[in-house]
Every structure is written in C-alpha cells, then in structure tokens.
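Asker: Quick one: this structure, given as structure tokens, is what I'll be asking you about.
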Amino acid sequence: MGLSRQQSKPAAATEAATAGQVTTKRRGDAAEAWARRYLERQGLRWVAANFKTPGRGGGEIDLVMREADGTLVFVEVRQRSGRDFGGAGASVGALKQRRIVLAARHYLMRLPSPPPCRFDVLLIDGPLEAQPAITWLRAAFDAT
C-alpha cells in the first residue's frame, strides 16, 4: 500500500519549510553545543549529551558534565532569544525538574558506583550570535 498524495504533502511541506529556516530542534542543538563549550571553558569535562530514559513520558538530560573533584553534573540548557515571558529561567518548572531527576536516576543506575552529583541549569538569554546573557545556576534543584 503506497502513500496517498494527501499524506505525502505534509512531509514535503515540512521539508520545504525547514530547509530555509532554523527549527526549534536546531536552535536547541546549537544552544547545547554553545553551553558545552562554555562549561568546558569553566573547567568541567564533557561526559554525555541528550541522555534519554527509555519509553514515553520519561526525561532527558541535555548535558552530563564532570567537575574536577569528580562530581557528576546534570545540566539543563535553556535558551530564549528574548526575555519575554520570563526568559529562559521561567521554563524550568517542577514537571521539567522531575523528568530530569528521573533521567538522572536511570543514568546513575548504569554506573557501578554513583559519584556525588548535582543538577545545574544554564540559562542563555539572547541570540547566540550576539553575546547572550549567561546565568549558570549551580545546584539549581535537587532530587527530593
């Protein structure tokens, strides 16, 4: 059974629409790459990116980094081009935190001996190309 003409139009329209513009996914990927470089310049070492829990409705960790003292740092990266609606910080609510904690628990279960860890949020307010305002919230929330 082939695709009908009607079913193939949305896919073609989506490809044409995204070919010339930046998608939310691409913006997010760029912000995470930018955040990784920023954190590495601050002395953290990259461990992993985009770790997801299995199944639907789970969580995702944007970056897993390691401090020089061995602390594992789970980093949520939030970027907004403007400060409308509270900027990047306003988008890390309780539900998002629970999903990050869930993903971190799954990540830690894979390790033979879990190290000390913390949850950071890196807020990027403004376009990446124009020296955005950076706020690094260390230990922004905990797993309780």
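Residue names in the structure tokens use chain letters A, B, ... in the order shown, residue numbers from 1 in each chain, and ligand numbers from 1 in the order shown.
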Mind checking which residues fall within 8 Å of Leu123 (chain A), counting only C-alpha atoms, ignoring those fewer than 6 positions away in the same chain, and posting them as a ChimeraX atom specification?
Answerer: /A:77-79,88-89,133-137
Asker: Convert the current residue selection to file output with C-alpha atoms, as a PDB file, in the first residue's frame.
Answerer:
```pdb
ATOM      1  CA  VAL A  77      20.223  24.102  28.994  1.00  0.00           C
ATOM      2  CA  ARG A  78      17.535  26.707  28.345  1.00  0.00           C
ATOM      3  CA  GLN A  79      17.886  29.336  25.666  1.00  0.00           C
ATOM      4  CA  ALA A  88      14.934  31.105  29.779  1.00  0.00           C
ATOM      5  CA  GLY A  89      14.655  30.605  33.540  1.00  0.00           C
ATOM      6  CA  ALA A 133      23.403  36.881  28.909  1.00  0.00           C
ATOM      7  CA  ILE A 134      24.538  33.708  30.685  1.00  0.00           C
ATOM      8  CA  THR A 135      23.321  32.592  34.071  1.00  0.00           C
ATOM      9  CA  TRP A 136      24.788  29.359  35.444  1.00  0.00           C
ATOM     10  CA  LEU A 137      22.690  28.104  38.326  1.00  0.00           C
TER      11      LEU A 137
END
```
Asker: Could you check how far CA of Leu44 (chain A) sits from CA of Arg118 (chain A), in Å to one decimal?
Answerer: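 Going from CA of Leu44 (chain A) over to CA of Arg118 (chain A) covers 13.0 Å.
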Asker: Env of Ile100 (chain A): 8 Å cut, atoms = only C-alpha atoms, seq-sep filter 4 positions within chain, self excluded. Answer as a ChimeraX atom specification.
Answerer: /A:59-61,76,96,104
Asker: Would you mind telling me which residue in A:Leu102, A:Ala140, A:Val92, A:Leu108 lies nearest to Asp120 (chain A) when using only C-alpha atoms?
Answerer: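 Of all the options, A:Ala140 lies closest to Asp120 (chain A).
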Asker: Give me the residues near Asp69 (chain A) as a list in words, where near means some atom within 12 Å (using only C-alpha atoms) and where sequence neighbours in that chain fewer than 5 positions away do not count.
Answerer: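 Close residues of Asp69 (chain A): Gly43, Leu44, Arg45, Pro115, Pro116 and Cys117 of chain A.
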Asker: From the set A:Trp34, A:Asp125, A:Ala103, A:Asp142, which residue has the shortest atom-to-atom contact distance to Gly55 (chain A), counting only C-alpha atoms?
Answerer: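 Checking each of A:Trp34, A:Asp125, A:Ala103, A:Asp142 against Gly55 (chain A), counting only C-alpha atoms, the winner is A:Ala103.
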